Amino acid sequence: TGTSLGRLFNQLVIFILDGSGSMTWTGTSGKSKAEEVSLVTNNVIERLTKSRNKDCFDVIGYAFAVDTKKMIPVTSAEEVRLGHDFNPCNYIEDYRSTCASEAFRQAEKDIESYFNKHASAGIKTRAIVVLLSDGQLHDHAETSAITKRMLVTNKVDVCCTYFADADS
């Protein structure tokens, strides 16, 4: 590990992870798609902790299906135990639907709180929302409306990665 540069900026990375029933199906790696999501999430966090700007990153995670569960509160990326259980299916009780709007609503509140907390620091503060899913959201219109509100500030980015079935 290199020398720490201290906080040059504040970056909140919010993982919104699909825990619906189809995520238990086999993905392209031979593991379940939910296990693949956990591996990807841990890999991203590991990359953040190896960055020369590692002190600048905070993460939070949500699992969603019918309900939404916080998997990890806002935590410095360096404090997240590598190998943390980010398998969203391990957090969800009702997995019959794919509804992300509540997770996005909570993420929107987290972003507002994070920006307010760091407003007086005088350094750049940004957020990125990372949606990891395998399919269509049943509440797409509501989730899309929340996403559009988040993007208005030009300080928030949203990205999505699709996880395919082994048979796809």
# chains A, B, ... in the order shown; residues from 1 in each chain; ligands from 1
$ residues_around --residues "Ala77 (chain A)" --least-positions-apart "4" --cutoff "10 Å" --atoms "only C-alpha atoms" --output "NGL selection string"
:A and (12-13 or 44-50 or 54-60 or 81-82)
$ residues_around --residues "Thr147 (chain A)" --least-positions-apart "5" --cutoff "12 Å" --atoms "only C-alpha atoms" --output "JSON, numbers by chain"
{"A": [100, 101, 102, 103, 104, 105, 106, 107, 108, 111, 128, 129, 130, 131, 140, 141, 142, 152, 153, 154, 156, 157, 158, 159, 160]}
$ residues_around --residues "Tyr62 (chain A)" --least-positions-apart "6" --cutoff "7 Å" --atoms "only C-alpha atoms" --output "count of residues only"
8
$ select_by_dssp --residues "region 68-132 of chain A" --states "strand (DSSP E)" --output "compact mmCIF listing (two decimals) with N, CA, C and O atoms, in the first residue's frame"
# COMPACT_ATOMS: atom_id res chain seq x y z
N THR A 68 -36.89 -3.58 0.33
CA THR A 68 -35.52 -3.09 0.25
C THR A 68 -34.88 -3.23 1.62
O THR A 68 -35.48 -2.89 2.63
N LYS A 69 -33.65 -3.73 1.64
CA LYS A 69 -32.90 -3.89 2.89
C LYS A 69 -31.53 -3.23 2.74
O LYS A 69 -30.87 -3.41 1.72
N LYS A 70 -31.13 -2.50 3.76
CA LYS A 70 -29.79 -1.92 3.77
C LYS A 70 -28.81 -3.04 4.12
O LYS A 70 -28.95 -3.71 5.15
N MET A 71 -27.84 -3.25 3.26
CA MET A 71 -26.83 -4.29 3.47
C MET A 71 -25.64 -3.77 4.26
O MET A 71 -25.02 -4.51 5.01
N ILE A 72 -25.33 -2.49 4.04
CA ILE A 72 -24.21 -1.86 4.71
C ILE A 72 -24.50 -0.36 4.75
O ILE A 72 -24.91 0.22 3.75
N PRO A 73 -24.33 0.27 5.92
CA PRO A 73 -24.56 1.72 6.00
C PRO A 73 -23.38 2.46 5.35
O PRO A 73 -22.39 1.84 4.95
N VAL A 74 -23.46 3.79 5.27
CA VAL A 74 -22.35 4.56 4.71
C VAL A 74 -21.09 4.23 5.51
O VAL A 74 -21.05 4.40 6.73
N THR A 75 -20.10 3.71 4.80
CA THR A 75 -18.87 3.23 5.42
C THR A 75 -17.70 3.60 4.52
O THR A 75 -17.80 3.48 3.30
N SER A 76 -16.60 4.00 5.11
CA SER A 76 -15.39 4.22 4.32
C SER A 76 -15.04 2.92 3.60
O SER A 76 -15.09 1.84 4.20
N THR A 125 -17.60 16.93 -4.08
CA THR A 125 -18.36 15.80 -3.55
C THR A 125 -19.26 15.29 -4.66
O THR A 125 -19.98 16.05 -5.29
N ARG A 126 -19.18 13.97 -4.87
CA ARG A 126 -19.97 13.33 -5.94
C ARG A 126 -20.53 12.02 -5.41
O ARG A 126 -20.10 11.50 -4.40
N ALA A 127 -21.49 11.48 -6.18
CA ALA A 127 -22.05 10.18 -5.86
C ALA A 127 -22.23 9.39 -7.15
O ALA A 127 -22.48 9.97 -8.21
N ILE A 128 -22.10 8.10 -7.04
CA ILE A 128 -22.39 7.21 -8.16
C ILE A 128 -23.30 6.10 -7.63
O ILE A 128 -23.07 5.54 -6.56
N VAL A 129 -24.37 5.86 -8.38
CA VAL A 129 -25.32 4.80 -8.03
C VAL A 129 -25.06 3.66 -9.01
O VAL A 129 -25.10 3.86 -10.23
N VAL A 130 -24.81 2.47 -8.48
CA VAL A 130 -24.49 1.30 -9.29
C VAL A 130 -25.61 0.28 -9.12
O VAL A 130 -25.77 -0.31 -8.05
N LEU A 131 -26.40 0.11 -10.17
CA LEU A 131 -27.50 -0.87 -10.17
C LEU A 131 -26.99 -2.15 -10.81
O LEU A 131 -26.53 -2.14 -11.95
N LEU A 132 -27.07 -3.26 -10.08
CA LEU A 132 -26.68 -4.57 -10.60
C LEU A 132 -27.92 -5.45 -10.58
O LEU A 132 -28.45 -5.77 -9.52
$ closest_residue --among "A:Asn10, A:Ser38, A:Ser32, A:Asn90" --to "Asn53 (chain A)" --atoms "only C-alpha atoms"
A:Asn10
$ closest_residue --among "A:Tyr91, A:Phe115, A:Trp25, A:Phe9" --to "Asp134 (chain A)" --atoms "only C-alpha atoms"
A:Trp25
$ closest_residue --among "A:Cys89, A:Asp94, A:Ile146, A:Lys155" --to "Lys109 (chain A)" --atoms "only C-alpha atoms"
A:Ile146
$ atom_distance --atom1 "CA of Ser51 (chain A)" --atom2 "CA of Ile14 (chain A)"
17.7 Å
$ closest_residue --among "A:Asn116, A:Ser144, A:Asn87, A:Thr41" --to "Thr161 (chain A)" --atoms "only C-alpha atoms"
A:Thr41
$ atom_distance --atom1 "CA of Gly122 (chain A)" --atom2 "CA of Leu8 (chain A)"
9.9 Å
